[in-house]
Amino acid sequence: MLASRAALGRGLATGAATRALSGAGAAAGALVFRQLFEKESSTYTYLLGCPETSEAVLIDPVLETVERDLGIVEELGLRLVCAVNTHAHADHVTGTAAIKDALPDCKSAIGAPSGARADVKFEHGESIAFGSRALTARSTPGHTAGCMSLVLDDESMVFTGDTLLIRGCGRTDFQGGSAETLFASVNSQIFSLPDTTLLYPAHDYQGRTVTTVGEEKRFNPRLKTGTTVEDFTAIMDGLNLAYPKKIDVAVPLNMNCGYPV
């Protein structure tokens, strides 16, 4: 049986608790942070840790790099409390099952709108805490119907999954995707953050590692300020992208937390 939302204990907070954690996190300031890369799918995995308590979270782990990632967690003296996916990916198999097998106390998490299996299914506005720090979920559907972006408590960082990439965005032609919905998500939930917020995507195919909200508002060729929803929809409709080569294997596994169906 899947664990209830209470399974993360204080690691999952809502509303006022999120605001309280934000204050604590901003005051603490310190953060252990590593950006990790998986070359086959060009996926970024992110490790965030609280130096005060050693609690940590891993965002978008990939099966093939779980051993590497857990080795880094151990070397840094961290305790992984949660492995969270921004959505059910189509281009790689999540590492959450392998992580849970290695670390039974680590909880898996994913946005409830995804419909995927996880110990904790979070909603828009809920947060995942690790020590004195926290990530708050913002619902950003459009690439898939269940995409979530994760905002650090002091709004210094946002992890956008496939919703918004560096000078691009995720495709919108499968898994319940919608160009109109993605346009609304980016403008209401990501571009509403401070321009200085560092933006970390789930992928980059040109060796870029980070951007800012302000940069994407100025320079993103699909979504920069002044772009209309009609402009964006026409761009996305004209992409004619190839069928993802791993989708038929990856999606069923990722909908099941990485476990065989």
# chains A, B, ... in the order shown; residues from 1 in each chain; ligands from 1
>>> select_by_dssp(residues="range 40-126 of chain A", states="strand (DSSP E)", output="list in words")
Thr43, Tyr44, Thr45, Tyr46, Leu47, Leu48, Gly49, Glu55, Ala56, Val57, Leu58, Ile59, Arg79, Leu80, Val81, Cys82, Ala83, Val84, Asn85, Lys107, Ser108, Ala109, Ile110, Gly111, Val120, Lys121 and Phe122 of chain A
>>> residues_around(residues="range 182-186 of chain A", least_positions_apart="3", cutoff="7 Å", atoms="only C-alpha atoms", output="list of chain:residue names")
A:Thr140, A:Pro141, A:Gly142, A:His143, A:Ser178, A:Ala179, A:Gln189, A:Ile190, A:Phe191, A:Val229
>>> write_last_selection(atoms="N, CA and C atoms", output="PDB file, in the first residue's frame")
ATOM      1  N   THR A 140       2.402  23.267 -12.963  1.00  0.00           N
ATOM      2  CA  THR A 140       2.756  23.862 -14.265  1.00  0.00           C
ATOM      3  C   THR A 140       2.490  22.868 -15.392  1.00  0.00           C
ATOM      4  N   PRO A 141       1.242  22.463 -15.581  1.00  0.00           N
ATOM      5  CA  PRO A 141       0.921  21.518 -16.659  1.00  0.00           C
ATOM      6  C   PRO A 141       1.107  22.146 -18.025  1.00  0.00           C
ATOM      7  N   GLY A 142       1.132  21.281 -19.029  1.00  0.00           N
ATOM      8  CA  GLY A 142       1.249  21.734 -20.412  1.00  0.00           C
ATOM      9  C   GLY A 142       2.156  20.816 -21.196  1.00  0.00           C
ATOM     10  N   HIS A 143       3.349  20.508 -20.650  1.00  0.00           N
ATOM     11  CA  HIS A 143       4.187  19.461 -21.247  1.00  0.00           C
ATOM     12  C   HIS A 143       3.503  18.126 -21.021  1.00  0.00           C
ATOM     13  N   SER A 178      -0.558  20.345 -23.705  1.00  0.00           N
ATOM     14  CA  SER A 178      -1.360  21.387 -24.344  1.00  0.00           C
ATOM     15  C   SER A 178      -0.528  22.650 -24.430  1.00  0.00           C
ATOM     16  N   ALA A 179      -0.380  23.191 -25.626  1.00  0.00           N
ATOM     17  CA  ALA A 179       0.386  24.425 -25.790  1.00  0.00           C
ATOM     18  C   ALA A 179      -0.265  25.579 -25.036  1.00  0.00           C
ATOM     19  N   GLN A 189       2.992  30.958 -13.271  1.00  0.00           N
ATOM     20  CA  GLN A 189       3.660  30.287 -12.172  1.00  0.00           C
ATOM     21  C   GLN A 189       5.184  30.428 -12.170  1.00  0.00           C
ATOM     22  N   ILE A 190       5.787  30.659 -13.318  1.00  0.00           N
ATOM     23  CA  ILE A 190       7.253  30.769 -13.382  1.00  0.00           C
ATOM     24  C   ILE A 190       7.680  32.211 -13.630  1.00  0.00           C
ATOM     25  N   PHE A 191       7.094  32.864 -14.610  1.00  0.00           N
ATOM     26  CA  PHE A 191       7.461  34.253 -14.895  1.00  0.00           C
ATOM     27  C   PHE A 191       6.977  35.208 -13.806  1.00  0.00           C
ATOM     28  N   VAL A 229      -0.438  33.839 -26.896  1.00  0.00           N
ATOM     29  CA  VAL A 229      -0.742  32.424 -26.868  1.00  0.00           C
ATOM     30  C   VAL A 229      -0.909  31.880 -28.287  1.00  0.00           C
TER      31      VAL A 229
END
>>> atom_distance(atom1="CA of Gln206 in chain A", atom2="CA of Thr43 in chain A")
11.8 Å
>>> residues_around(residues="range 83-91 of chain A", least_positions_apart="2", cutoff="7 Å", atoms="only C-alpha atoms", output="list of chain:residue names")
A:Ser41, A:Val57, A:Leu58, A:Ile59, A:Asp60, A:Thr96, A:Lys107, A:Ser108, A:Ala109, A:Ile110, A:Gly111, A:Ser114, A:Gly146, A:Cys147, A:Met148, A:Ser149, A:Gly161, A:Pro244, A:Lys246, A:Ile247, A:Ala250, A:Val251, A:Asn254, A:Met255
>>> atom_distance(atom1="CA of Ser127 in chain A", atom2="CA of Arg34 in chain A")
20.2 Å
>>> residues_around(residues="Arg218 in chain A", least_positions_apart="4", cutoff="12 Å", atoms="only C-alpha atoms", output="list in words")
Ile166, Arg167, Phe191, Asp195, Thr211, Thr212, Val213, Gly214, Arg222, Leu223, Lys224, Thr225, Gly226 and Thr227 of chain A
